[in-house]
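Right, one structure below, let's go through it.
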Amino acid sequence: MIQKFLTAIIIYLFLVVFFTVSAAEISDTNLSSDAVQDGKESQAIIDQTAAASKNNASVESKAWIPPAKNFDWVQLTSDEWLKGQIKGMYENNLEFNSDKLGLLELDWGDVKILRSHRVSNVNIDGVGPTSGILEVTDDSLKIINDYEDKTYDRSRLISFAPAGKKELDLWSIKATLSFDVQRGNTNQSDYSAKVNIKRRASTTRFLLDYLGNLSKTNGGDGSQVETVNNHRLNANYDYYKTRYYFYTPVYAEYYSDQFSNIDWKVTLAAGIGYTVIDNRRTELSFSGGPAFSKTKFISVAAGKNDTESTPATWLKTNYDIKLTKTIDFIAKYNIQVGNKASGGYTHHIIMTVESEIIGSLDLDISLIWDRTSHPTEAADGTTPYPNDYGLTLGISYTY
């Protein structure tokens with residue numbers, strides 16, 4: 001009886017072990033199948049991703065060039081494309097108008113490709129003015145017109161502007177006004193105005209600068225007495241022969257200073273100029289040549305002429321540097337050398353710091369230094385000081 005009981009237990013344990021091992025094997029087999037399936041699916045995903053990447057790489061390898069039909073196109077060196085209207089390129093500065101971004105000023109060195117759909121007036125170094133549709137790449141400039149297609153080295157491009165451009169678009173105007181009014185124990189009024197006008201075309205440049213100062217103070221009897229009254233207006237017309245050399249066929253200046261005994265002084269001149277630095281951040285140019293000057297004095301000592309004329313020499317320096325994104329420094333240095341009776345050596349220096357307030361409004365701080373080495377003695381025996389200094393603070397608006 002005991003023997004049969006032990007035999008039944010052994011058979012029962014054998015069956016338990018058998019079924020347990022079988023179940024484990026079946027489980028392992030299922031796991032292996034799932035792993036294989038997962039591996040197959042993962043490999044398929046990898047293959048698909050690789051194929052997609054390969055296709056994308058193939059698509060990206062094809063450079064996209066937009067057709068210049070209704071818009072002008074510019075590609076930057078970052079490979080970004082801009083769509084809009086080209087306003088012109090002067091002094092390595094491209095003006096581009098975008099509907100979304102507004103009027104942009106782009107450094108010419110940041111432009112990789114340019115495609116224009118309109119005819120432009122172009123100035124090319126060694127060739128002169130020409131016209132046609134522009135296609136600019138990294139190193140070449142192609143001009144297409146009715147009678148020829150010409151390709152030049154990009155470095156020979158001086159400037160260009162779309163043909164048929166509105167005359168008003170060629171002009172820029174900047175006006176600065178400052179004033180100081182005091183009333184009470186001190187009655188004094190100080191006014192200063194400065195205007196800068198520029199017209200830029202593909203081969204020419206017209207510049208006009210005006211600076212005027214007027215100051216009145218209490219005369220003691222309730223009246224206002226002038227203590228400062230001077231005005232300076234100069235203009236020049238430049239023609240660019242090459243990228244850096246330009247002619248100045250006409251230069252003219254009018255100057256009046258009641259307290260320097262100068263009723264008026266007129267100078268006519270011509271000359272040549274050279275641009276030393278010309279990029280988006282800095283501009284430095286020199287120009288000069290022969291001149292003729294005539295001066296009318298308010299009063300003179302007995303036996304002296306109240307007008308003097310003299311041949312002269314003039315030199316003009318313009319320096320403009322962008323210190324930061326919103327701050328510019330501008331320096332202008334004009335020299336004139338004539339005979340002693342007309343004042344001898346004279347100069348006009350104006351150094352300006354412009355800081356953007358908002359949009360077209362700037363804060364303008366200017367230091368002015370005028371010098372006449374040999375002032376003319378007045379009828380009352382007084383002789384004006386050789387140097388006049390001024391400091392103005394005002395708000396300027398640029399159009």
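Please note that chains go A, B, ... in the order of the structure tokens, that every chain numbers its residues from 1, and that ligands are numbered from 1 in the order shown.
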Could you give me, as number ranges by chain, each residue of segment 68-201 of chain A that DSSP assigns to strand (DSSP E or B) when run on this structure's backbone?
A: 72-76, 81-90, 93-98, 102-107, 111-124, 128-136, 140-144, 149-153, 157-162, 171-182, 188-200
Using only C-alpha atoms, which residues sit within 9 Å of Ser366 of chain A once same-chain residues fewer than 5 positions away are excluded, as a PyMOL selection string?
chain A and resi 350-354+390-394
Show me, as a list in words, the residues that have an atom within 9 Å of Asp306 of chain A when counting only C-alpha atoms, minus same-chain residues fewer than 6 positions from it.
Thr295, Lys296, Phe297, Ile298, Ser299 and Val300 of chain A
Given only C-alpha atoms as the counted atoms, nearest of A:Leu114, A:Ala161, A:Leu233, A:Val181 to Asn196 of chain A:
A:Leu233
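Comparing A:Ile365, A:Leu268, A:Asp388, A:Tyr345 by their smallest distance to Ile327 of chain A, the closest is A:Ile365 (using only C-alpha atoms).
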Atom CA of Thr267 of chain A and atom CA of Glu226 of chain A are how many Å apart?
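Interatomic distance here is 26.3 Å.
Note that the spacing between atom CA of Ile272 of chain A and atom CA of Thr317 of chain A amounts to 12.1 Å.
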Pick from A:Asp72, A:Asp221, A:Asp362, A:Asp257, whichever lies nearest to Lys87 of chain A using only C-alpha atoms:
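Looking at the shortest contact to Lys87 of chain A, the residue is A:Asp72.
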Can you list every residue of segment 151-262 of chain A that has an atom at most 9 Å from segment 282-292 of chain A, with its nearest atom pair and the distance in Å to one decimal, using only C-alpha atoms, ordered by chain then number, as a tab-separated table?
```
residue	atom	partner	partner_atom	distance
A:Tyr244	CA	A:Ser285	CA	8.8
A:Phe246	CA	A:Ser287	CA	8.6
A:Tyr247	CA	A:Ser287	CA	8.6
A:Thr248	CA	A:Ser287	CA	7.9
A:Tyr251	CA	A:Ala291	CA	8.6
```
Mind checking DSSP for segment 87-298 of chain A and telling me the helix (DSSP H, G or I) residues as a list in words?
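Here are the helix (DSSP H, G or I) residues of segment 87-298 of chain A: Trp108, Gly109, Asp110, Arg154, Ser155, Arg156, Glu167, Leu168, Asp169, Leu170, Gln258, Phe259 and Ser260 of chain A.
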With only C-alpha atoms as the basis for distance, which of A:Leu207, A:Ile86, A:Val74, A:Ala379 is at the shortest distance from Lys174 of chain A?
A:Leu207
Polymer residues at most 8 Å from Ala252 of chain A, only C-alpha atoms, same-chain spacing of 4 or more positions, as an MDAnalysis selection string:
chainID A and resid 234:236 266:269
Next, dump the selected residues to file, keeping only C-alpha atoms, as a PDB file, in the first residue's frame.
```
ATOM      1  CA  ASN A 234      28.275 124.495 -49.122  1.00  0.00           C
ATOM      2  CA  ALA A 235      27.480 122.160 -51.982  1.00  0.00           C
ATOM      3  CA  ASN A 236      29.413 119.883 -54.301  1.00  0.00           C
ATOM      4  CA  VAL A 266      31.771 133.123 -51.597  1.00  0.00           C
ATOM      5  CA  THR A 267      34.056 130.362 -52.854  1.00  0.00           C
ATOM      6  CA  LEU A 268      33.908 128.543 -56.187  1.00  0.00           C
ATOM      7  CA  ALA A 269      36.132 125.536 -56.828  1.00  0.00           C
TER       8      ALA A 269
END
```
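For the atom pair formed by atom CA of Asp278 of chain A and atom CA of Tyr237 of chain A, the distance is 18.5 Å, given to one decimal.
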Determine, counting only C-alpha atoms, which protein, DNA and RNA residues have an atom within 12 Å of an atom of Gly109 of chain A; residues of the same chain fewer than 2 positions away are not included. Present the result as a PyMOL selection string.
chain A and resi 75-78+89+91-94+105-107+111-114+137-139+154-155+278-281
Go ahead and save the residues from that selection, with N, CA and C atoms, as a PDB file, in the first residue's frame.
```pdb
ATOM      1  N   GLN A  75      19.833  86.692 -52.344  1.00  0.00           N
ATOM      2  CA  GLN A  75      20.222  85.617 -51.434  1.00  0.00           C
ATOM      3  C   GLN A  75      21.432  86.065 -50.622  1.00  0.00           C
ATOM      4  N   LEU A  76      21.330  85.931 -49.311  1.00  0.00           N
ATOM      5  CA  LEU A  76      22.424  86.309 -48.431  1.00  0.00           C
ATOM      6  C   LEU A  76      23.444  85.183 -48.340  1.00  0.00           C
ATOM      7  N   THR A  77      24.591  85.482 -47.768  1.00  0.00           N
ATOM      8  CA  THR A  77      25.622  84.462 -47.602  1.00  0.00           C
ATOM      9  C   THR A  77      25.192  83.372 -46.628  1.00  0.00           C
ATOM     10  N   SER A  78      24.137  83.615 -45.857  1.00  0.00           N
ATOM     11  CA  SER A  78      23.570  82.599 -44.969  1.00  0.00           C
ATOM     12  C   SER A  78      22.604  81.685 -45.717  1.00  0.00           C
ATOM     13  N   MET A  89      22.225 100.327 -55.091  1.00  0.00           N
ATOM     14  CA  MET A  89      23.447  99.980 -54.371  1.00  0.00           C
ATOM     15  C   MET A  89      24.449 101.113 -54.543  1.00  0.00           C
ATOM     16  N   GLU A  91      28.042 102.831 -52.532  1.00  0.00           N
ATOM     17  CA  GLU A  91      29.056 102.765 -51.491  1.00  0.00           C
ATOM     18  C   GLU A  91      28.994 101.438 -50.733  1.00  0.00           C
ATOM     19  N   ASN A  92      28.874 100.326 -51.499  1.00  0.00           N
ATOM     20  CA  ASN A  92      28.837  98.968 -50.933  1.00  0.00           C
ATOM     21  C   ASN A  92      27.676  98.765 -49.978  1.00  0.00           C
ATOM     22  N   ASN A  93      26.597  99.497 -50.183  1.00  0.00           N
ATOM     23  CA  ASN A  93      25.416  99.402 -49.329  1.00  0.00           C
ATOM     24  C   ASN A  93      24.194  99.188 -50.219  1.00  0.00           C
ATOM     25  N   LEU A  94      23.528  98.031 -50.085  1.00  0.00           N
ATOM     26  CA  LEU A  94      22.368  97.708 -50.901  1.00  0.00           C
ATOM     27  C   LEU A  94      21.092  98.055 -50.143  1.00  0.00           C
ATOM     28  N   GLU A 105      18.904  97.903 -45.240  1.00  0.00           N
ATOM     29  CA  GLU A 105      20.222  98.302 -45.727  1.00  0.00           C
ATOM     30  C   GLU A 105      21.160  97.129 -45.499  1.00  0.00           C
ATOM     31  N   LEU A 106      21.596  96.510 -46.592  1.00  0.00           N
ATOM     32  CA  LEU A 106      22.414  95.303 -46.526  1.00  0.00           C
ATOM     33  C   LEU A 106      23.834  95.605 -46.972  1.00  0.00           C
ATOM     34  N   ASP A 107      24.789  95.079 -46.230  1.00  0.00           N
ATOM     35  CA  ASP A 107      26.182  95.195 -46.645  1.00  0.00           C
ATOM     36  C   ASP A 107      26.371  94.372 -47.918  1.00  0.00           C
ATOM     37  N   VAL A 111      25.738  89.883 -49.565  1.00  0.00           N
ATOM     38  CA  VAL A 111      24.870  89.456 -50.662  1.00  0.00           C
ATOM     39  C   VAL A 111      25.592  88.400 -51.495  1.00  0.00           C
ATOM     40  N   LYS A 112      24.978  87.222 -51.588  1.00  0.00           N
ATOM     41  CA  LYS A 112      25.567  86.123 -52.353  1.00  0.00           C
ATOM     42  C   LYS A 112      25.082  86.127 -53.793  1.00  0.00           C
ATOM     43  N   ILE A 113      23.768  86.237 -53.986  1.00  0.00           N
ATOM     44  CA  ILE A 113      23.165  86.250 -55.324  1.00  0.00           C
ATOM     45  C   ILE A 113      22.139  87.382 -55.384  1.00  0.00           C
ATOM     46  N   LEU A 114      22.084  88.055 -56.514  1.00  0.00           N
ATOM     47  CA  LEU A 114      21.075  89.089 -56.742  1.00  0.00           C
ATOM     48  C   LEU A 114      20.493  88.888 -58.135  1.00  0.00           C
ATOM     49  N   THR A 137      26.308  86.947 -59.046  1.00  0.00           N
ATOM     50  CA  THR A 137      26.633  85.753 -58.269  1.00  0.00           C
ATOM     51  C   THR A 137      27.825  86.049 -57.383  1.00  0.00           C
ATOM     52  N   ASP A 138      28.432  84.992 -56.825  1.00  0.00           N
ATOM     53  CA  ASP A 138      29.556  85.173 -55.904  1.00  0.00           C
ATOM     54  C   ASP A 138      30.680  85.987 -56.522  1.00  0.00           C
ATOM     55  N   ASP A 139      30.974  85.719 -57.787  1.00  0.00           N
ATOM     56  CA  ASP A 139      32.147  86.348 -58.388  1.00  0.00           C
ATOM     57  C   ASP A 139      31.897  86.985 -59.752  1.00  0.00           C
ATOM     58  N   ARG A 154      32.634  90.616 -60.515  1.00  0.00           N
ATOM     59  CA  ARG A 154      31.757  91.308 -59.556  1.00  0.00           C
ATOM     60  C   ARG A 154      32.467  92.475 -58.872  1.00  0.00           C
ATOM     61  N   SER A 155      33.769  92.351 -58.656  1.00  0.00           N
ATOM     62  CA  SER A 155      34.504  93.398 -57.942  1.00  0.00           C
ATOM     63  C   SER A 155      34.538  94.712 -58.711  1.00  0.00           C
ATOM     64  N   ASP A 278      35.533 102.395 -47.809  1.00  0.00           N
ATOM     65  CA  ASP A 278      34.141 102.432 -48.243  1.00  0.00           C
ATOM     66  C   ASP A 278      33.491 101.087 -47.944  1.00  0.00           C
ATOM     67  N   ASN A 279      32.927 100.962 -46.777  1.00  0.00           N
ATOM     68  CA  ASN A 279      32.161  99.770 -46.430  1.00  0.00           C
ATOM     69  C   ASN A 279      30.974 100.198 -45.586  1.00  0.00           C
ATOM     70  N   ARG A 280      30.188  99.211 -45.140  1.00  0.00           N
ATOM     71  CA  ARG A 280      28.966  99.569 -44.443  1.00  0.00           C
ATOM     72  C   ARG A 280      29.251 100.266 -43.122  1.00  0.00           C
ATOM     73  N   ARG A 281      30.365  99.969 -42.480  1.00  0.00           N
ATOM     74  CA  ARG A 281      30.659 100.521 -41.160  1.00  0.00           C
ATOM     75  C   ARG A 281      31.414 101.842 -41.236  1.00  0.00           C
TER      76      ARG A 281
END
```
